[in-house]
Each structure stands twice: as C-alpha cells, then as structure tokens.
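Here is the structure we will look at, set down as structure tokens.
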Amino acid sequence: MSTVDTRIARKPAEYKSDIKPIWCPGCGDYHVLMSFTRAFAQLGLPPEQIVVVSGIGCSSRIPAYTNCYGFHGVHGRSLALAAGLKVTRPDLTVVVASGDGDGYSIGGNHFLHACRRNIDMTYVVMDNHIYGMTKGQPSPTTEPEFDTALSPGGTRVRPFHPLVVALASGANFIARCFSGEPNETAAVLVEAIKHPGFSFVEILSPCVTFRPDEKAWKDLVHPAPVTATTDPGKAARRIMTDDGFNLGILYRGNREPFQPAVGATNIDLSELEKDFEL
Amino acid sequence: MAASPSISIAIVGSGGAGALTTGNSLLEAACAIGWHGLFTRTLGPQIRGGEAAALVRLAVHPVECLPDRFDLLIGIDWLNAHRFGSEIQVTPGTLVISDPQGGDPPPMVTRSGARIVEIPMKQMAKAIRDGRPNMIALGIAGRLLGLGVDQVVAPIAKRLADKGPAAIEASQAGIKVGFGVAAGIDFGMQLAAPSASATRRWLLSGNEATALGAIRGGVRFAAAYPITPATEVLEWLAPSLAKVGGVLLQAEDELAAINMIIGSSFGGTPALTATSGPGLSLMIEALGLATSAEIPIVVVDVMRGGPSTGIPTKSEQADLNIAVYGLHGDAPHLVLAPQSIGDCMFTTQWATYLAETLQSPAIVLSDQFMGQARAAIDRPADVAFIGARSVATDIVGAYERYALAANGISPMAIPGTRGGQYTADGLTHSERGIPTSGAADHRAQLDKRRDKLEHFNFGDHWAMVEGAGDLAVLTWGSVTSSAREAIGRAAADGINARLIAPRLLLPTQPERLQAALDGVKRILVVEQTHGGQFHRYLRAHYDLPAQVRVLNRPGPVPITAGEVYRAITEWR
C-alpha cells in the first residue's frame, strides 16, 4: 500500500458501486465485498487510488461491485496483470481477488511466482472448494470424496494446501479468514494491505448452492490461538498441522518488496542509439 | 581484376569454434571503413552447441538479403557442415579454405568444382599462446578482402576488452598469421571501394531495431519470457528501459507476459512483449481481452519455422494466419510487419503509436531472418509517431469508458483519476463498462471496435510501393529485401516490375491496394510459407487482377533474390 489519506474520514459505502451482484442469495462473497469496503474505509484510501484485479469465477466478479478502478480479466491471470500494473504504478494500492479454481488451478503457476516476486499487493482468494460459476465441479481444494457430476464418487485426489504453497513460495504475509466474520476479515485485510510485499489472504467463503454443507463452516472456524509469527519455520509447522479453520494472521515476513525504480528520466533517447553508431 | 559490388563469405565450424565471432568481426571491420554488409547466422536445431555458420555479405550499397552463391567459404572445421548444404551455395567460382585436420569437406564443397586451398589453421593456432583457429580464419578473410591488420583487430579488441590485453594479443597474433598465409592466395575478386556516406550509419540487428522503435514510440514497460529468436528484443530492452525510467519484468510464462503488459497499459504505461510462434499461441486469449477491454498493447512475434516447436533458429512467415485470424470472436486488431532491419524500428514505433491511438492490441510480425541478422544501415529518419492515447481527465458526472464516440475512440480513464473509476472487462459490456448479454450493447461495442480501426487514416505508411510496370511483386516481411533486389536485376535486363509490400496487414486497406495496382495486369505473390498463407489472405480481402502466380515455399532457407528474379523474368 502506498497512499493513505488520513485527513478524510471515509465510509464503506463510498467504496461500493451501484451494480447489483450476480451472486446467489446467501453466498459468502457478499460478506467479502463488505469486508473490502470496510477495510478500504478504515485505510482512508481514495477509491480512485485502489485497483481491484480479478480473473474469472463468481469471486472474480467483485471488482465491478466496488467503486474502485477494476480489471476483470481472463481466467487465472489476475496476478500477472496486477504485477504489470503495480510495478509501473507503485503509487496505486493493488488488491487481487480470486477463487480456488481461478487462483489455484488455472492460475496456479502465477500464484507461485507472485509469492516469489513479492511485489507489494494483496491477494485475496475466496475459497469455497468448488467451481461455482460452472455449476459444481471439483477444484484443487475440493475434498477427495466429494461427489460431483464430473467426478462421480469423488476425485480421490488430495487437495492443494494454498497457505503452505504461499509460504514455501515466498509470500510475505499469510492469513486465513472466514467470510461470515466481515469485521474480523476487514481488520486482517487492513493489515494485509499495509504490510509491504505480497500478502496472501485466504477467505473461506461458503458456496451455499453447490456446497450447502459449507454452511457448517461457521461452527468450525475459530481464531488462531497464537499471534502471527515472523519465523517461516514456525509458520510452516503451524499451517501444516492446523485444522484448516484456524483464523487470523498466521505469518508476517520481513522480505523487502520487489519494486524497481520507475518514472520519467531526463535521458535523451538518442543516448540509446550510441549502441549502434558506426 | 574487376571490382565487384558485393562479396559473400561463409564461415563454418563446430560449436565453440568461433565461426559466429569471426563473421561478426569481419562485418564490423568492413562496415567501420565504409562498406555496407549483412551478417546472418545459421545453426543446427539445438541453438546452443553443435555446428554454426556465419554468412556475411559485404557490399558498396546497403544489402539486406543473402546472395545466390558464396564467393569465399572458410571451414574452420567441417564437422556436420553438410547440414548447411542447402543454405551455402558453393560454385566453381567459390574459393574454399579448408583445414586438412578439420575433417573431410562436405559434399556441397567436393561436388561443386570449387577451388580448395588447404591451410592448417588449427596447427598454426597451436603455435600461438592461447591461439585460436578462428582468428587465423579471420585474418585470412580480412587479407583476401583487402582490409588492413589493424582494421581487423579493432573489433576483436573491442569484443575482448573485458578479457584483458593477453587475450587481445593472442587474437592479434592469430589474425597476423592469417594475413601472412593469405598473402599467397589469389582470391580473384575484389570489393569495389566504399563510397563516402552522407548519413550516419548504424550496425544493428532487426531485434535491436525493434526494441529501439518500441522505446521511441513510448513503450516504458516490457514483460519478457525467453524464446528464440525473439530474446534479443527483450535483452536489449532490459537495460535500455531502465535508462529511460521504464522497467522490464521477467514473466513466468507467456500467459503472464501478455497479462503483465495489459496491466501496465491499463495503468497508463505503454507496454510491449516480444515472443515467437509458440508464445503467440499462448497469448491469443489475452489479446482478445485487450481487444474487448480496449487496452493498447504491442506484441512482437519474431517468426520462426512452425508449427509447434518447429525450427526455432530459422525463419518462416507462417504465423500470418494466427496473427490475423487467431483470436476467437469478432476481434478487430492491428497486425503490422516490418520489411527490413531499419524498418523494424519504424514499424514497431508506428505500431506502438497506432495501438495507443486506437486503444487496440497490435501484433508486429517480424521474423528470424531480419530479427537476428545484423546489417550496416543508414540511420533511419526520426518520425513523430509517439504514443498519443486519448485520456479522460477532469471527469464530471457519470463516466462512460466505452462511450460510442463518432470515431470509435473513447477517452480512457487512468487509475488515480478521480471520478473515472470503471472496471475493464473481457465480458461484453455497456458503454459504462457494465457486463451485459444484451444484443444492442453487444452489437454497439462490436461496431465501435471495428469502426475505430476501419475509419482511421493510416496514410502512406500502409505499404511500400515502388517502381512501375504491369507486373507487380506483392510480398511482405523480410522477403521484401530479396524481392527488391530481384526487381533491380530484372530492371537491368529491361524488365520493369512494381514492388508492393504491405506494412499494415490488419485492418486491410482495399482502396489503397487497388490504387497501388493501377495498371497492373500480373501479380507475382512471393512469401515464405508452405501453405500460401499470404496469397490466401490477399484473396480473402482484396480484388486481384486475373493473372496471379505464387512463389511460396516454407523455410528454413531464405527466399533469394535469384529465385524471385527467375520468377519475374520467366513469366512472359
């Protein structure tokens, strides 16, 4: 995050657009949107200084529901698009929104390299363990035994552990939230946006239509019993061994963000021609 | 001995023998004292290691195509040299320098009737501390071309500056030995004296020219994923962008590279990536996004032999179809093609300008031949094409990013601009940018994106049109240089032909081609594809006169001026 305007007290409503979301009633993503607008208001950021970038899927519809600049791009590539934006416009606050299909499957490779690159941005993945937009196919976080039309009897494939992958790949801030707790989620997002480098926030966000069983998540989630660690070894052990419903900031790294110097220079372009002069 | 306007030299050797350094240095030495010249390299399929050949054509005038035959062939060694049999034409008039310890000369030499002079370069190099046979070869070539020792040493000293005086001395000693041994050889040819040039001259590759054109056009961000034969564009941009306050980011793959440049451009920074066919294939989906969201970007495709991995080190023009037709949906965009090394700079600069002005992706189809060739060229004229994006400022009231402007170009709000907030989207959208599946919005935005390209006045740069005659050679890309030389030779025989080479392939320019074809009765289409892609493209978009012949063949061997000349002169 680069610009905090503390002079003006802002309200969450200033960050909400007038477009009605396409989400199903009861979808966890409504609460994620609420967390976004609350976090932005708490940070006091002018809406035009924020860009929300996304890919494809239910969660990726979120940019247009904010009153910020947005980019709803192609499936799986939001992190790459955001990288090109942020390195050339370090003055902007860049938040990337994704889902478990968009972010971990088609966009999996970009996830690794975004963590590794550690550009100052916040990556929010609304994880519902299912492809919702295409009506219920298994994603990389779907349980092996979960039955779908595409995977009768379940995938029998071990789910992906995004937080561990993020840590191993170099993410500088790792947290888990639950959409049903928008105030707590907003507070984590504020910390994530403020933290330098690549911040990864996994938000468990139930799909009430294709995963009605996820309504039970509200009873399973619990705050992490310990505070965030700066030790990646300790964080790895904690993330590897928790029950998947452990909420809060789990890791705060201290790597320097990647940001090359950019901006106009006074160099005459004819300087560049000297390479070629005979 | 009559002076010749052009002499061509081929130097071959196995990987690490230094054939390419020898050829490049020869080019640099000759061009430094006023000659023009072209250097191309040819490699086996493996890019690193294996055999290599340097093909050098020196001339009193600018040259950008290979000769029909080589006058001098030096084999530092002959390991796998037979692989170059189709690329190095050896005739009875060729002088071949062969090292008796370098293996048997390949059939292209032994069957040619060429004069062979044996010189034990390897053995001679051993007598010099840290001596290398390729420096003996360089000395021989320099002496046969009538250069001075110091002139030949100069580029080597520059190349070895980092390695210290001992390395330079070893090379110098080798060059001198080469000069000594060549003194006793009658080459039988002499290059005419160079004429003083009125303009400043550059020595550069097409890929470097492309990169410079991008920066001149306003590009300040590049995303890079390495691929042969485009990598040099990116490698030149990396330090150069940093000098002008820009940045190059290495991407994890081509999917990331294209999305990175879309992100940069969305933020207001003109952006480019460079790739080759396999990378372009991966970028196609996001090119459609840039079309739909109206984000200016430039994608340079330095074409190589395809399909699939194809021939990474050799040229072909067979990405025309994917560049023109590859995007799904109705997705109007810009496709441009440079015609020479110098034109790589102009066309990339122009492409950047057009992309920015028209808020459209632009694909620039360069190719391996001109991309990786180096030539001495007259410094191209400065042009005023610098990114001119219509930007929304001082926004009052509701902002409509995709408003239906009369010319189709709607001002773009750049993040940070108050009141301009919108979401760029690959979904069909309304004028405000809100996703919709409505027929009216879909049609209106498709019309907008079509009209902004079709109604734009591209001016005379759309094509190179030269000469007169009822026969027109219609070609594109680096093949244009061979066609131009062929037309010159035919003119010397009293046969006049016109050269028409479109630089702008999309949007098509039917009225302009019709005007260029005024009075033309016969068209010879020349292209380097197996399937005749350019011919089919012309048939799809243009009215051609009744008589059309097509000279098309695939790579990897470049289409020579001689082939085009025969096609012109044999058509009676």
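Going by the structure tokens order, chains are called A, B, ..., each with residues numbered from 1, while ligands are numbered from 1 in the order shown.
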List every residue of chain A that has an atom at most 8 Å from any atom of chain B, giving for each one its closest atom pair and the distance in Å to one decimal, counting only C-alpha atoms, sorted by chain and then by ascending residue number, as a tab-separated table.
```
residue	atom	partner	partner_atom	distance
A:Pro47	CA	B:Gln421	CA	7.9
A:Glu48	CA	B:Gly416	CA	4.8
A:Gln49	CA	B:Gly416	CA	4.8
A:Ile50	CA	B:Pro415	CA	7.7
A:Val51	CA	B:Pro415	CA	7.2
A:Pro63	CA	B:Thr423	CA	6.5
A:Ala64	CA	B:Thr423	CA	5.5
A:Asn67	CA	B:Gln421	CA	6.5
A:Cys68	CA	B:Gln421	CA	5.6
A:Tyr69	CA	B:Gln421	CA	4.6
A:Gly70	CA	B:Thr423	CA	4.0
A:Phe71	CA	B:Ala424	CA	4.7
A:His72	CA	B:Asp425	CA	4.8
A:Gly73	CA	B:Gly426	CA	5.8
A:Val74	CA	B:Ala286	CA	6.7
A:Arg77	CA	B:Ala256	CA	6.6
A:Ser78	CA	B:Asn259	CA	7.7
A:Ala80	CA	B:Ala256	CA	5.0
A:Leu81	CA	B:Met260	CA	4.3
A:Ala82	CA	B:Gly263	CA	5.8
A:Ala83	CA	B:Met260	CA	6.1
A:Gly84	CA	B:Met260	CA	4.1
A:Leu85	CA	B:Ser264	CA	4.3
A:Lys86	CA	B:Ser264	CA	7.6
A:Val87	CA	B:Ser264	CA	7.9
A:Thr88	CA	B:Ser264	CA	6.1
A:Arg89	CA	B:Gly267	CA	6.6
A:Leu92	CA	B:Gly416	CA	7.3
A:Asn109	CA	B:Glu252	CA	7.7
A:His110	CA	B:Glu252	CA	7.1
A:His113	CA	B:Glu252	CA	6.7
A:Pro260	CA	B:Val247	CA	7.0
A:Ala261	CA	B:Gly245	CA	7.1
A:Val262	CA	B:Gly245	CA	4.8
A:Gly263	CA	B:Gly245	CA	4.8
A:Ala264	CA	B:Gly245	CA	5.1
A:Thr265	CA	B:Gly245	CA	5.5
A:Asn266	CA	B:Val244	CA	7.6
A:Ile267	CA	B:Val244	CA	6.1
A:Leu269	CA	B:Arg216	CA	7.2
A:Leu272	CA	B:Ser240	CA	7.0
A:Glu273	CA	B:Leu212	CA	7.9
A:Phe276	CA	B:Trp202	CA	5.0
A:Glu277	CA	B:Trp202	CA	4.7
A:Leu278	CA	B:Trp202	CA	5.3
```
Output file for the selection above: N, CA and C atoms, as a short mmCIF file (atom, residue, chain, number, x, y, z; two decimals), in the first residue's frame:
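Produced file selection.cif, reproduced below:
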```cif
data_model
loop_
_atom_site.label_atom_id
_atom_site.label_comp_id
_atom_site.auth_asym_id
_atom_site.auth_seq_id
_atom_site.Cartn_x
_atom_site.Cartn_y
_atom_site.Cartn_z
N PRO A 47 -10.93 6.15 -3.38
CA PRO A 47 -11.31 5.00 -4.22
C PRO A 47 -10.54 4.94 -5.54
N GLU A 48 -10.21 6.12 -6.08
CA GLU A 48 -9.53 6.11 -7.39
C GLU A 48 -8.06 5.68 -7.30
N GLN A 49 -7.57 5.55 -6.05
CA GLN A 49 -6.19 5.09 -5.88
C GLN A 49 -6.11 3.57 -5.68
N ILE A 50 -7.27 2.92 -5.66
CA ILE A 50 -7.31 1.47 -5.47
C ILE A 50 -7.67 0.80 -6.79
N VAL A 51 -6.99 -0.30 -7.10
CA VAL A 51 -7.40 -1.11 -8.25
C VAL A 51 -7.64 -2.53 -7.77
N PRO A 63 -14.66 -6.87 -8.60
CA PRO A 63 -14.18 -5.50 -8.89
C PRO A 63 -15.29 -4.52 -9.23
N ALA A 64 -16.22 -4.94 -10.10
CA ALA A 64 -17.25 -4.00 -10.55
C ALA A 64 -18.24 -3.65 -9.43
N ASN A 67 -16.40 0.62 -5.94
CA ASN A 67 -16.33 1.91 -6.63
C ASN A 67 -14.87 2.28 -6.89
N CYS A 68 -14.00 1.26 -6.97
CA CYS A 68 -12.59 1.50 -7.26
C CYS A 68 -12.37 1.26 -8.75
N TYR A 69 -11.15 1.50 -9.23
CA TYR A 69 -10.81 1.00 -10.56
C TYR A 69 -10.76 -0.52 -10.47
N GLY A 70 -11.11 -1.17 -11.57
CA GLY A 70 -11.13 -2.63 -11.55
C GLY A 70 -10.69 -3.22 -12.86
N PHE A 71 -10.27 -4.45 -12.80
CA PHE A 71 -9.97 -5.18 -14.04
C PHE A 71 -10.44 -6.62 -13.88
N HIS A 72 -11.44 -6.97 -14.66
CA HIS A 72 -11.99 -8.32 -14.67
C HIS A 72 -11.43 -8.99 -15.92
N GLY A 73 -10.30 -9.67 -15.76
CA GLY A 73 -9.57 -10.16 -16.93
C GLY A 73 -9.92 -11.57 -17.33
N VAL A 74 -8.96 -12.28 -17.88
CA VAL A 74 -9.21 -13.67 -18.30
C VAL A 74 -8.96 -14.61 -17.13
N ARG A 77 -5.30 -15.29 -14.66
CA ARG A 77 -4.11 -14.46 -14.92
C ARG A 77 -4.09 -13.15 -14.14
N SER A 78 -4.95 -13.03 -13.15
CA SER A 78 -5.07 -11.74 -12.47
C SER A 78 -3.76 -11.30 -11.82
N ALA A 80 -0.70 -11.84 -12.73
CA ALA A 80 0.25 -11.33 -13.72
C ALA A 80 -0.15 -9.92 -14.14
N LEU A 81 -1.44 -9.74 -14.40
CA LEU A 81 -1.92 -8.42 -14.80
C LEU A 81 -1.62 -7.39 -13.70
N ALA A 82 -1.87 -7.81 -12.47
CA ALA A 82 -1.63 -6.91 -11.34
C ALA A 82 -0.15 -6.58 -11.18
N ALA A 83 0.72 -7.54 -11.50
CA ALA A 83 2.17 -7.29 -11.39
C ALA A 83 2.60 -6.19 -12.35
N GLY A 84 2.11 -6.29 -13.61
CA GLY A 84 2.46 -5.27 -14.60
C GLY A 84 1.93 -3.90 -14.21
N LEU A 85 0.77 -3.90 -13.57
CA LEU A 85 0.17 -2.63 -13.11
C LEU A 85 0.97 -2.04 -11.96
N LYS A 86 1.26 -2.86 -10.97
CA LYS A 86 1.86 -2.32 -9.74
C LYS A 86 3.31 -1.87 -9.95
N VAL A 87 4.10 -2.62 -10.73
CA VAL A 87 5.50 -2.18 -10.90
C VAL A 87 5.59 -0.86 -11.66
N THR A 88 4.62 -0.60 -12.52
CA THR A 88 4.66 0.66 -13.27
C THR A 88 3.91 1.77 -12.55
N ARG A 89 3.05 1.40 -11.61
CA ARG A 89 2.28 2.39 -10.86
C ARG A 89 2.36 2.09 -9.36
N LEU A 92 -0.29 3.20 -6.68
CA LEU A 92 -1.63 2.64 -6.52
C LEU A 92 -1.64 1.52 -5.48
N ASN A 109 0.35 -21.51 -11.46
CA ASN A 109 1.75 -21.13 -11.68
C ASN A 109 2.00 -19.67 -11.33
N HIS A 110 1.04 -18.83 -11.65
CA HIS A 110 1.21 -17.40 -11.35
C HIS A 110 1.23 -17.16 -9.84
N HIS A 113 4.73 -17.70 -8.56
CA HIS A 113 5.68 -16.66 -8.95
C HIS A 113 5.32 -15.30 -8.36
N PRO A 260 11.24 -2.12 -8.77
CA PRO A 260 12.31 -1.39 -9.47
C PRO A 260 11.96 0.10 -9.54
N ALA A 261 12.99 0.92 -9.67
CA ALA A 261 12.78 2.36 -9.81
C ALA A 261 12.11 2.64 -11.15
N VAL A 262 11.03 3.38 -11.13
CA VAL A 262 10.37 3.78 -12.38
C VAL A 262 10.06 5.27 -12.32
N GLY A 263 9.81 5.84 -13.47
CA GLY A 263 9.46 7.26 -13.53
C GLY A 263 10.29 7.93 -14.60
N ALA A 264 9.80 9.04 -15.06
CA ALA A 264 10.45 9.73 -16.17
C ALA A 264 11.88 10.13 -15.81
N THR A 265 12.77 10.02 -16.77
CA THR A 265 14.15 10.49 -16.60
C THR A 265 14.41 11.57 -17.65
N ASN A 266 15.53 12.22 -17.49
CA ASN A 266 15.86 13.29 -18.45
C ASN A 266 16.72 12.80 -19.60
N ILE A 267 16.87 11.51 -19.71
CA ILE A 267 17.77 10.98 -20.74
C ILE A 267 17.20 11.20 -22.13
N LEU A 269 16.68 10.22 -25.80
CA LEU A 269 16.62 8.88 -26.39
C LEU A 269 17.78 8.63 -27.35
N LEU A 272 20.48 6.21 -26.44
CA LEU A 272 20.34 4.77 -26.67
C LEU A 272 20.90 4.35 -28.02
N GLU A 273 20.92 5.30 -28.96
CA GLU A 273 21.40 4.97 -30.31
C GLU A 273 22.89 4.73 -30.33
N PHE A 276 24.63 1.61 -31.44
CA PHE A 276 24.61 1.16 -32.84
C PHE A 276 25.48 1.98 -33.77
N GLU A 277 25.98 3.12 -33.31
CA GLU A 277 26.71 4.03 -34.21
C GLU A 277 27.95 3.36 -34.77
N LEU A 278 28.15 3.53 -36.07
CA LEU A 278 29.38 3.01 -36.68
C LEU A 278 30.48 4.06 -36.60
#
```
Set the distance at 12 Å and use only C-alpha atoms: which residues neighbour Arg572 (chain B) once local chain neighbours fewer than 5 positions away are removed? I'd like the list as a compact mmCIF listing (two decimals) with C-alpha atoms, in the first residue's frame.
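And here is the file that came out, out_17.txt:
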```txt
# COMPACT_ATOMS: atom_id res chain seq x y z
CA ASP B 470 2.35 -4.12 -65.47
CA LEU B 471 3.88 -6.81 -63.26
CA ILE B 495 12.04 -5.82 -67.41
CA ARG B 522 0.06 -9.64 -63.49
CA GLN B 547 -3.21 -13.23 -63.65
CA ARG B 566 13.78 -16.09 -62.22
CA ALA B 567 10.08 -15.99 -61.43
```
B:Asp493, B:Thr480, B:Met464, B:Glu294 ranked by distance to Ala516 (chain B), top pick (using only C-alpha atoms):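 Smallest separation from Ala516 (chain B) among the options: B:Met464.
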Would you pick out the contacts of Val188 (chain A) at 10 Å or less, using only C-alpha atoms, so that residues sharing its chain but fewer than 5 positions from it are not included, and give the list as number ranges by chain? A: 35, 39, 174-177, 182-183, 193-194, 201, 247-249
From region 436-545 of chain B, collect each residue whose DSSP state is strand (DSSP E) and return the set as a list in words. Ala463, Met464, Val465, Glu466, Leu471, Ala472, Val473, Leu474, Arg498, Leu499, Ile500, Ala501, Pro502, Leu504, Leu505, Leu506, Arg522, Ile523, Leu524, Val525, Val526 and Glu527 of chain B
Would you mind exporting the chosen residues as a short mmCIF file (atom, residue, chain, number, x, y, z; two decimals), in the first residue's frame, restricted to N, CA and C atoms?
```cif
data_model
loop_
_atom_site.label_atom_id
_atom_site.label_comp_id
_atom_site.auth_asym_id
_atom_site.auth_seq_id
_atom_site.Cartn_x
_atom_site.Cartn_y
_atom_site.Cartn_z
N ALA B 463 2.01 0.65 -46.81
CA ALA B 463 2.78 -0.28 -47.64
C ALA B 463 3.97 0.43 -48.24
N MET B 464 4.93 -0.36 -48.70
CA MET B 464 5.98 0.17 -49.55
C MET B 464 5.55 -0.12 -50.98
N VAL B 465 5.45 0.94 -51.78
CA VAL B 465 5.07 0.80 -53.18
C VAL B 465 6.17 1.48 -53.98
N GLU B 466 6.82 0.71 -54.84
CA GLU B 466 7.95 1.24 -55.61
C GLU B 466 7.86 0.78 -57.05
N LEU B 471 3.67 -5.69 -64.18
CA LEU B 471 3.88 -6.81 -63.26
C LEU B 471 4.18 -6.25 -61.88
N ALA B 472 3.44 -6.73 -60.90
CA ALA B 472 3.72 -6.31 -59.52
C ALA B 472 4.16 -7.52 -58.71
N VAL B 473 5.23 -7.33 -57.95
CA VAL B 473 5.61 -8.34 -56.98
C VAL B 473 4.96 -7.93 -55.66
N LEU B 474 4.10 -8.78 -55.16
CA LEU B 474 3.36 -8.48 -53.93
C LEU B 474 3.91 -9.40 -52.84
N ARG B 498 6.88 -3.73 -60.43
CA ARG B 498 6.49 -2.90 -59.31
C ARG B 498 6.66 -3.72 -58.03
N LEU B 499 7.01 -3.07 -56.96
CA LEU B 499 7.10 -3.76 -55.68
C LEU B 499 6.01 -3.21 -54.76
N ILE B 500 5.17 -4.09 -54.26
CA ILE B 500 4.14 -3.67 -53.29
C ILE B 500 4.27 -4.58 -52.06
N ALA B 501 4.61 -3.97 -50.95
CA ALA B 501 4.79 -4.76 -49.73
C ALA B 501 4.00 -4.10 -48.60
N PRO B 502 2.84 -4.65 -48.24
CA PRO B 502 2.06 -4.05 -47.16
C PRO B 502 2.79 -4.16 -45.82
N LEU B 504 1.03 -2.76 -43.21
CA LEU B 504 -0.18 -2.88 -42.38
C LEU B 504 -1.02 -4.02 -42.94
N LEU B 505 -1.11 -5.11 -42.18
CA LEU B 505 -1.85 -6.29 -42.66
C LEU B 505 -3.28 -6.30 -42.13
N LEU B 506 -3.49 -5.74 -40.96
CA LEU B 506 -4.84 -5.53 -40.42
C LEU B 506 -4.88 -4.17 -39.75
N ARG B 522 -0.42 -8.37 -64.05
CA ARG B 522 0.06 -9.64 -63.49
C ARG B 522 0.61 -9.40 -62.08
N ILE B 523 0.31 -10.32 -61.20
CA ILE B 523 0.83 -10.21 -59.84
C ILE B 523 1.62 -11.47 -59.50
N LEU B 524 2.83 -11.26 -59.04
CA LEU B 524 3.62 -12.36 -58.52
C LEU B 524 3.63 -12.24 -57.00
N VAL B 525 2.96 -13.17 -56.33
CA VAL B 525 2.94 -13.17 -54.87
C VAL B 525 4.15 -13.98 -54.39
N VAL B 526 4.93 -13.39 -53.51
CA VAL B 526 6.13 -14.07 -53.01
C VAL B 526 6.05 -14.14 -51.48
N GLU B 527 6.18 -15.33 -50.93
CA GLU B 527 6.06 -15.47 -49.48
C GLU B 527 6.75 -16.74 -49.02
#
```
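Pairwise distance (CA of Met121 (chain A), CA of Met240 (chain A)) equals 24.4 Å.
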Measure the distance from CA of Met34 (chain A) to CA of Lys215 (chain A) in Å and round it to one decimal.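 Answer for the CA of Met34 (chain A) to CA of Lys215 (chain A) separation: 18.6 Å.
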Contacts of Gly107 (chain A) at 6 Å or less, counting only C-alpha atoms, minus same-chain residues fewer than 4 places along, as a list in words?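 So the residues in contact are Gly76, Arg77, Asp102 and Gly103 of chain A.
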Requested write-out: N, CA, C and O atoms of the selected residues, as a PDB file, in the first residue's frame:
```pdb
ATOM      1  N   GLY A  76      -7.602 -16.907 -14.537  1.00  0.00           N
ATOM      2  CA  GLY A  76      -6.351 -17.366 -13.940  1.00  0.00           C
ATOM      3  C   GLY A  76      -5.173 -16.419 -14.009  1.00  0.00           C
ATOM      4  O   GLY A  76      -4.110 -16.716 -13.466  1.00  0.00           O
ATOM      5  N   ARG A  77      -5.297 -15.290 -14.664  1.00  0.00           N
ATOM      6  CA  ARG A  77      -4.109 -14.459 -14.924  1.00  0.00           C
ATOM      7  C   ARG A  77      -4.090 -13.155 -14.142  1.00  0.00           C
ATOM      8  O   ARG A  77      -3.318 -12.261 -14.451  1.00  0.00           O
ATOM      9  N   ASP A 102      -9.873 -20.377 -10.104  1.00  0.00           N
ATOM     10  CA  ASP A 102      -9.125 -19.345 -10.825  1.00  0.00           C
ATOM     11  C   ASP A 102      -7.698 -19.228 -10.297  1.00  0.00           C
ATOM     12  O   ASP A 102      -6.746 -19.127 -11.069  1.00  0.00           O
ATOM     13  N   GLY A 103      -7.570 -19.242  -8.984  1.00  0.00           N
ATOM     14  CA  GLY A 103      -6.268 -18.943  -8.379  1.00  0.00           C
ATOM     15  C   GLY A 103      -5.367 -20.148  -8.233  1.00  0.00           C
ATOM     16  O   GLY A 103      -4.150 -20.035  -8.390  1.00  0.00           O
TER      17      GLY A 103
END
```
Would you pick out the contacts of Arg83 (chain B) at 12 Å or less, using only C-alpha atoms, so that residues sharing its chain but fewer than 5 positions from it are not included, and give the list as a list in words? Val12, Gly13, Ser14, Thr42, Leu43, Gly44, Pro45, Gly50, Glu51, Ala52, Ala53, Trp78, Ile88, Pro105, Pro106, Pro107, Met108, Pro556 and Val557 of chain B
Mind checking DSSP for region 170-250 of chain B and telling me the helix (DSSP H, G or I) residues as a PyMOL selection string? chain B and resi 170-182+206-216+231-243
Test item: residues at most 10 Å from region 165-168 of chain B, only C-alpha atoms, excluding those fewer than 3 positions along its chain, as a VMD selection string: chain B and resid 129 to 131 153 to 154 156 to 162 171 to 174
